[in-house]
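Visitor: See input.txt below, with compact mmCIF, N, CA and C atoms.
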# COMPACT_ATOMS: atom_id res chain seq x y z
N MET A 729 -3.19 13.07 16.59
CA MET A 729 -2.11 12.88 15.65
C MET A 729 -2.65 13.00 14.24
N THR A 730 -2.01 13.77 13.41
CA THR A 730 -2.40 13.87 12.01
C THR A 730 -1.21 13.51 11.15
N THR A 731 -1.49 13.06 9.96
CA THR A 731 -0.43 12.66 9.04
C THR A 731 -0.83 13.03 7.63
N THR A 732 0.15 13.11 6.76
CA THR A 732 -0.10 13.36 5.36
C THR A 732 0.05 12.05 4.62
N GLY A 733 -0.81 11.82 3.68
CA GLY A 733 -0.69 10.61 2.88
C GLY A 733 -1.70 9.56 3.26
N THR A 734 -1.66 8.49 2.49
CA THR A 734 -2.63 7.42 2.63
C THR A 734 -1.91 6.08 2.65
N ILE A 735 -2.46 5.18 3.43
CA ILE A 735 -2.01 3.79 3.48
C ILE A 735 -2.91 2.99 2.55
N ILE A 736 -2.33 2.04 1.81
CA ILE A 736 -3.16 1.12 1.05
C ILE A 736 -3.17 -0.23 1.75
N LEU A 737 -4.36 -0.78 1.91
CA LEU A 737 -4.56 -2.10 2.51
C LEU A 737 -5.13 -3.01 1.43
N VAL A 738 -4.39 -4.04 1.06
CA VAL A 738 -4.85 -5.01 0.07
C VAL A 738 -5.19 -6.28 0.83
N GLU A 739 -6.48 -6.48 1.07
CA GLU A 739 -6.98 -7.55 1.95
C GLU A 739 -8.33 -8.01 1.45
N ASP A 740 -8.50 -9.31 1.21
CA ASP A 740 -9.77 -9.82 0.71
C ASP A 740 -10.76 -10.22 1.80
N ASP A 741 -10.34 -10.29 3.04
CA ASP A 741 -11.25 -10.56 4.15
C ASP A 741 -11.88 -9.23 4.56
N LEU A 742 -13.14 -9.03 4.15
CA LEU A 742 -13.78 -7.72 4.34
C LEU A 742 -13.98 -7.36 5.80
N ALA A 743 -14.28 -8.34 6.65
CA ALA A 743 -14.45 -8.04 8.08
C ALA A 743 -13.12 -7.57 8.68
N LEU A 744 -12.04 -8.24 8.35
CA LEU A 744 -10.73 -7.84 8.84
C LEU A 744 -10.35 -6.46 8.30
N ALA A 745 -10.61 -6.23 7.02
CA ALA A 745 -10.28 -4.94 6.41
C ALA A 745 -11.05 -3.80 7.09
N ARG A 746 -12.33 -4.01 7.37
CA ARG A 746 -13.13 -2.98 8.05
C ARG A 746 -12.52 -2.65 9.41
N GLU A 747 -12.09 -3.67 10.13
CA GLU A 747 -11.51 -3.47 11.46
C GLU A 747 -10.19 -2.70 11.36
N VAL A 748 -9.35 -3.06 10.41
CA VAL A 748 -8.07 -2.37 10.22
C VAL A 748 -8.30 -0.91 9.86
N VAL A 749 -9.20 -0.66 8.92
CA VAL A 749 -9.52 0.72 8.51
C VAL A 749 -10.03 1.51 9.70
N GLU A 750 -10.92 0.90 10.49
CA GLU A 750 -11.46 1.59 11.67
C GLU A 750 -10.38 1.93 12.68
N GLN A 751 -9.49 0.98 12.96
CA GLN A 751 -8.44 1.22 13.95
C GLN A 751 -7.44 2.27 13.48
N PHE A 752 -7.06 2.24 12.22
CA PHE A 752 -6.17 3.28 11.70
C PHE A 752 -6.88 4.63 11.69
N GLY A 753 -8.17 4.63 11.43
CA GLY A 753 -8.95 5.87 11.46
C GLY A 753 -8.92 6.51 12.83
N LYS A 754 -8.93 5.71 13.88
CA LYS A 754 -8.85 6.24 15.25
C LYS A 754 -7.53 6.96 15.48
N LEU A 755 -6.53 6.63 14.68
CA LEU A 755 -5.22 7.29 14.76
C LEU A 755 -5.10 8.42 13.73
N SER A 756 -6.22 8.79 13.14
CA SER A 756 -6.29 9.84 12.12
C SER A 756 -5.46 9.50 10.88
N LEU A 757 -5.38 8.22 10.56
CA LEU A 757 -4.68 7.78 9.36
C LEU A 757 -5.69 7.40 8.29
N ASN A 758 -5.43 7.81 7.07
CA ASN A 758 -6.30 7.48 5.94
C ASN A 758 -5.88 6.13 5.37
N VAL A 759 -6.87 5.26 5.14
CA VAL A 759 -6.59 3.94 4.58
C VAL A 759 -7.49 3.73 3.37
N GLU A 760 -6.89 3.34 2.27
CA GLU A 760 -7.62 2.96 1.07
C GLU A 760 -7.60 1.44 1.02
N HIS A 761 -8.78 0.83 0.96
CA HIS A 761 -8.88 -0.63 0.97
C HIS A 761 -9.17 -1.15 -0.43
N VAL A 762 -8.46 -2.21 -0.81
CA VAL A 762 -8.68 -2.92 -2.07
C VAL A 762 -8.72 -4.40 -1.74
N ALA A 763 -9.66 -5.14 -2.33
CA ALA A 763 -9.81 -6.56 -2.00
C ALA A 763 -9.16 -7.50 -3.00
N ASP A 764 -8.66 -7.00 -4.11
CA ASP A 764 -8.11 -7.83 -5.18
C ASP A 764 -6.65 -7.49 -5.43
N GLY A 765 -5.81 -8.51 -5.60
CA GLY A 765 -4.39 -8.30 -5.79
C GLY A 765 -4.03 -7.52 -7.03
N GLU A 766 -4.68 -7.80 -8.15
CA GLU A 766 -4.40 -7.07 -9.40
C GLU A 766 -4.69 -5.59 -9.24
N GLU A 767 -5.84 -5.28 -8.66
CA GLU A 767 -6.21 -3.87 -8.47
C GLU A 767 -5.29 -3.22 -7.46
N GLY A 768 -4.91 -3.95 -6.42
CA GLY A 768 -3.99 -3.40 -5.44
C GLY A 768 -2.66 -3.01 -6.06
N LEU A 769 -2.12 -3.88 -6.90
CA LEU A 769 -0.85 -3.57 -7.57
C LEU A 769 -1.00 -2.36 -8.49
N ARG A 770 -2.09 -2.31 -9.26
CA ARG A 770 -2.32 -1.15 -10.14
C ARG A 770 -2.31 0.15 -9.35
N ARG A 771 -3.00 0.15 -8.22
CA ARG A 771 -3.06 1.37 -7.41
C ARG A 771 -1.72 1.73 -6.80
N ILE A 772 -0.99 0.72 -6.33
CA ILE A 772 0.34 0.99 -5.76
C ILE A 772 1.25 1.61 -6.81
N LEU A 773 1.22 1.10 -8.01
CA LEU A 773 2.08 1.62 -9.07
C LEU A 773 1.65 3.00 -9.54
N ARG A 774 0.36 3.30 -9.45
CA ARG A 774 -0.18 4.56 -9.95
C ARG A 774 -0.15 5.69 -8.92
N ASN A 775 -0.21 5.36 -7.64
CA ASN A 775 -0.35 6.37 -6.59
C ASN A 775 0.84 6.35 -5.64
N ASP A 776 0.94 7.40 -4.86
CA ASP A 776 1.97 7.49 -3.83
C ASP A 776 1.33 7.22 -2.46
N TYR A 777 1.71 6.14 -1.83
CA TYR A 777 1.22 5.78 -0.51
C TYR A 777 2.36 5.89 0.50
N ILE A 778 2.00 6.10 1.76
CA ILE A 778 3.02 6.14 2.79
C ILE A 778 3.33 4.74 3.33
N LEU A 779 2.45 3.77 3.04
CA LEU A 779 2.63 2.40 3.50
C LEU A 779 1.70 1.50 2.69
N ALA A 780 2.17 0.30 2.37
CA ALA A 780 1.32 -0.73 1.76
C ALA A 780 1.26 -1.92 2.71
N ILE A 781 0.05 -2.35 3.03
CA ILE A 781 -0.16 -3.54 3.84
C ILE A 781 -0.80 -4.57 2.92
N LEU A 782 -0.12 -5.70 2.73
CA LEU A 782 -0.55 -6.70 1.77
C LEU A 782 -0.86 -8.02 2.46
N ASP A 783 -2.05 -8.54 2.20
CA ASP A 783 -2.35 -9.91 2.60
C ASP A 783 -1.53 -10.81 1.70
N VAL A 784 -1.11 -11.95 2.19
CA VAL A 784 -0.32 -12.87 1.36
C VAL A 784 -1.22 -13.60 0.37
N MET A 785 -2.34 -14.11 0.84
CA MET A 785 -3.24 -14.88 -0.03
C MET A 785 -4.36 -13.97 -0.53
N LEU A 786 -4.32 -13.64 -1.82
CA LEU A 786 -5.28 -12.72 -2.42
C LEU A 786 -5.78 -13.27 -3.74
N PRO A 787 -6.99 -12.90 -4.14
CA PRO A 787 -7.43 -13.24 -5.49
C PRO A 787 -6.73 -12.33 -6.50
N GLY A 788 -6.43 -12.88 -7.66
CA GLY A 788 -5.83 -12.08 -8.72
C GLY A 788 -4.32 -12.13 -8.73
N ARG A 789 -3.71 -11.82 -7.63
CA ARG A 789 -2.25 -11.83 -7.50
C ARG A 789 -1.93 -11.88 -6.02
N ASN A 790 -0.97 -12.71 -5.63
CA ASN A 790 -0.71 -12.83 -4.19
C ASN A 790 0.19 -11.71 -3.67
N GLY A 791 0.25 -11.59 -2.38
CA GLY A 791 0.99 -10.51 -1.74
C GLY A 791 2.48 -10.53 -2.03
N PHE A 792 3.06 -11.73 -2.18
CA PHE A 792 4.49 -11.82 -2.50
C PHE A 792 4.78 -11.23 -3.88
N ASP A 793 3.92 -11.56 -4.85
CA ASP A 793 4.09 -11.01 -6.21
C ASP A 793 3.93 -9.50 -6.22
N ILE A 794 2.92 -9.01 -5.51
CA ILE A 794 2.70 -7.57 -5.43
C ILE A 794 3.92 -6.90 -4.80
N CYS A 795 4.42 -7.49 -3.73
CA CYS A 795 5.59 -6.93 -3.04
C CYS A 795 6.78 -6.83 -3.98
N ARG A 796 7.07 -7.90 -4.72
CA ARG A 796 8.21 -7.89 -5.64
C ARG A 796 8.08 -6.77 -6.68
N GLU A 797 6.90 -6.66 -7.28
CA GLU A 797 6.71 -5.65 -8.33
C GLU A 797 6.70 -4.24 -7.75
N ALA A 798 6.06 -4.07 -6.61
CA ALA A 798 6.02 -2.75 -5.97
C ALA A 798 7.42 -2.33 -5.55
N ARG A 799 8.19 -3.25 -5.00
CA ARG A 799 9.55 -2.95 -4.54
C ARG A 799 10.43 -2.53 -5.72
N ALA A 800 10.28 -3.19 -6.87
CA ALA A 800 11.07 -2.85 -8.05
C ALA A 800 10.72 -1.45 -8.56
N ALA A 801 9.44 -1.10 -8.50
CA ALA A 801 9.00 0.20 -9.03
C ALA A 801 9.14 1.33 -8.01
N LYS A 802 8.96 1.01 -6.74
CA LYS A 802 8.97 2.02 -5.68
C LYS A 802 9.80 1.51 -4.50
N PRO A 803 11.11 1.54 -4.63
CA PRO A 803 11.97 0.93 -3.62
C PRO A 803 11.89 1.55 -2.22
N MET A 804 11.39 2.76 -2.11
CA MET A 804 11.32 3.41 -0.79
C MET A 804 9.96 3.22 -0.11
N LEU A 805 8.99 2.58 -0.77
CA LEU A 805 7.67 2.35 -0.18
C LEU A 805 7.77 1.31 0.93
N PRO A 806 7.39 1.66 2.16
CA PRO A 806 7.33 0.65 3.22
C PRO A 806 6.22 -0.35 2.94
N ILE A 807 6.51 -1.63 3.08
CA ILE A 807 5.54 -2.70 2.79
C ILE A 807 5.50 -3.66 3.97
N LEU A 808 4.29 -3.96 4.41
CA LEU A 808 4.07 -4.99 5.43
C LEU A 808 3.30 -6.13 4.78
N LEU A 809 3.76 -7.36 4.97
CA LEU A 809 3.04 -8.54 4.51
C LEU A 809 2.32 -9.14 5.71
N ALA A 810 1.07 -9.47 5.51
CA ALA A 810 0.26 -10.00 6.61
C ALA A 810 -0.36 -11.35 6.19
N THR A 811 -0.45 -12.24 7.14
CA THR A 811 -1.09 -13.52 6.89
C THR A 811 -1.70 -14.01 8.20
N SER A 812 -2.61 -14.94 8.09
CA SER A 812 -3.17 -15.55 9.30
C SER A 812 -2.81 -17.03 9.29
N LEU A 813 -2.68 -17.58 10.47
CA LEU A 813 -2.31 -18.99 10.59
C LEU A 813 -3.52 -19.85 10.81
If you convert what's in this file into structure tokens, what do you get?
Guide:
Amino acid sequence: MTTTGTIILVEDDLALAREVVEQFGKLSLNVEHVADGEEGLRRILRNDYILAILDVMLPGRNGFDICREARAAKPMLPILLATSL
């Protein structure tokens, strides 16, 4: 399976991010990883992604804030919020 475009993963847990990137890679999907909320929002606003996956608890800016701002600027961007219990 091949696809056009890139997914952005905003996740500060590096071990989890590596695993997600690896698993999406097995599906021939490109993933750009960012560990900081501020940088994640900057990239979302600056680039065109096919999907944004946001951790809820992030340094710099949390996933809910990023989601609100990204949704206002890019209403058609699919966004997944992720958290661990």
Visitor: Considering only C-alpha atoms, state which residue in the set A:Glu760, A:Glu739, A:Glu750, A:Glu797 is at the smallest distance from Tyr777 (chain A).
Guide: A:Glu760
Visitor: How many Å separate atom N of Asp764 (chain A) from atom C of Met804 (chain A)?
Guide: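 Interatomic distance, atom N of Asp764 (chain A) to atom C of Met804 (chain A): 21.6 Å.
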Visitor: Work out how far apart atom N of Arg774 (chain A) and atom C of Lys754 (chain A) are and give it in Å to one decimal.
Guide: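 Computing it gives 26.4 Å between the two atoms.
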Visitor: Enumerate as a ChimeraX atom specification all residues of chain A assigned to alpha helix (DSSP H) by DSSP on the backbone, naming them with the chain letters and numbers the document uses.
Guide: /A:742-754,765-774,791-801
Visitor: Suppose you want the space between atom N of Leu808 (chain A) and CA of Leu786 (chain A); what is it in Å?
Guide: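 Atom N of Leu808 (chain A) sits 14.7 Å away from CA of Leu786 (chain A).
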Visitor: Could you tell me which of A:Arg746, A:Leu809, A:Val762, A:Leu779 comes closest to Gly733 (chain A) if we count only N, CA and C atoms?
Guide: A:Leu779
Visitor: If we count all atoms listed in the file, what is near Asn758 (chain A) at a cut-off of 8 Å, once residues fewer than 2 positions away on the same chain are taken out, given as a ChimeraX atom specification?
Guide: /A:731-737,749,752-756,760-761
Visitor: So that I can check the surroundings of Leu769 (chain A), please list as an mmCIF file with N, CA and C atoms, keeping the file's coordinate frame every protein, DNA and RNA residue that reaches within 8 Å of it, counting all atoms listed in the file and ignoring chain neighbours fewer than 2 positions away.
Guide:
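Output file part-v2.cif follows:
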data_model
loop_
_atom_site.group_PDB
_atom_site.id
_atom_site.type_symbol
_atom_site.label_atom_id
_atom_site.label_comp_id
_atom_site.auth_asym_id
_atom_site.auth_seq_id
_atom_site.Cartn_x
_atom_site.Cartn_y
_atom_site.Cartn_z
ATOM 1 N N VAL A 738 -4.390 -4.040 1.060
ATOM 2 C CA VAL A 738 -4.850 -5.010 0.070
ATOM 3 C C VAL A 738 -5.190 -6.280 0.830
ATOM 4 N N ASP A 764 -8.660 -7.000 -4.110
ATOM 5 C CA ASP A 764 -8.110 -7.830 -5.180
ATOM 6 C C ASP A 764 -6.650 -7.490 -5.430
ATOM 7 N N GLY A 765 -5.810 -8.510 -5.600
ATOM 8 C CA GLY A 765 -4.390 -8.300 -5.790
ATOM 9 C C GLY A 765 -4.030 -7.520 -7.030
ATOM 10 N N GLU A 766 -4.680 -7.800 -8.150
ATOM 11 C CA GLU A 766 -4.400 -7.070 -9.400
ATOM 12 C C GLU A 766 -4.690 -5.590 -9.240
ATOM 13 N N GLU A 767 -5.840 -5.280 -8.660
ATOM 14 C CA GLU A 767 -6.210 -3.870 -8.470
ATOM 15 C C GLU A 767 -5.290 -3.220 -7.460
ATOM 16 N N ARG A 771 -3.000 0.150 -8.220
ATOM 17 C CA ARG A 771 -3.060 1.370 -7.410
ATOM 18 C C ARG A 771 -1.720 1.730 -6.800
ATOM 19 N N ILE A 772 -0.990 0.720 -6.330
ATOM 20 C CA ILE A 772 0.340 0.990 -5.760
ATOM 21 C C ILE A 772 1.250 1.610 -6.810
ATOM 22 N N LEU A 773 1.220 1.100 -8.010
ATOM 23 C CA LEU A 773 2.080 1.620 -9.070
ATOM 24 C C LEU A 773 1.650 3.000 -9.540
ATOM 25 N N ARG A 774 0.360 3.300 -9.450
ATOM 26 C CA ARG A 774 -0.180 4.560 -9.950
ATOM 27 C C ARG A 774 -0.150 5.690 -8.920
ATOM 28 N N ASN A 775 -0.210 5.360 -7.640
ATOM 29 C CA ASN A 775 -0.350 6.370 -6.590
ATOM 30 C C ASN A 775 0.840 6.350 -5.640
ATOM 31 N N ARG A 789 -3.710 -11.820 -7.630
ATOM 32 C CA ARG A 789 -2.250 -11.830 -7.500
ATOM 33 C C ARG A 789 -1.930 -11.880 -6.020
ATOM 34 N N ASP A 793 3.920 -11.560 -4.850
ATOM 35 C CA ASP A 793 4.090 -11.010 -6.210
ATOM 36 C C ASP A 793 3.930 -9.500 -6.220
ATOM 37 N N ILE A 794 2.920 -9.010 -5.510
ATOM 38 C CA ILE A 794 2.700 -7.570 -5.430
ATOM 39 C C ILE A 794 3.920 -6.900 -4.800
ATOM 40 N N CYS A 795 4.420 -7.490 -3.730
ATOM 41 C CA CYS A 795 5.590 -6.930 -3.040
ATOM 42 C C CYS A 795 6.780 -6.830 -3.980
ATOM 43 N N GLU A 797 6.900 -6.660 -7.280
ATOM 44 C CA GLU A 797 6.710 -5.650 -8.330
ATOM 45 C C GLU A 797 6.700 -4.240 -7.750
ATOM 46 N N ALA A 798 6.060 -4.070 -6.610
ATOM 47 C CA ALA A 798 6.020 -2.750 -5.970
ATOM 48 C C ALA A 798 7.420 -2.330 -5.550
#
Visitor: Would you mind writing down, as a PyMOL selection string, each residue of chain A that DSSP on the backbone assigns to strand (DSSP E or B)?
Guide: chain A and resi 734-738+758-762+779-783+807-810
Visitor: Closest to Asp783 (chain A) among A:Arg770, A:Ala743, A:Arg799, A:Ser812, using only N, CA and C atoms?
Guide: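 The shortest atom-to-atom distance to Asp783 (chain A) comes from A:Ser812.
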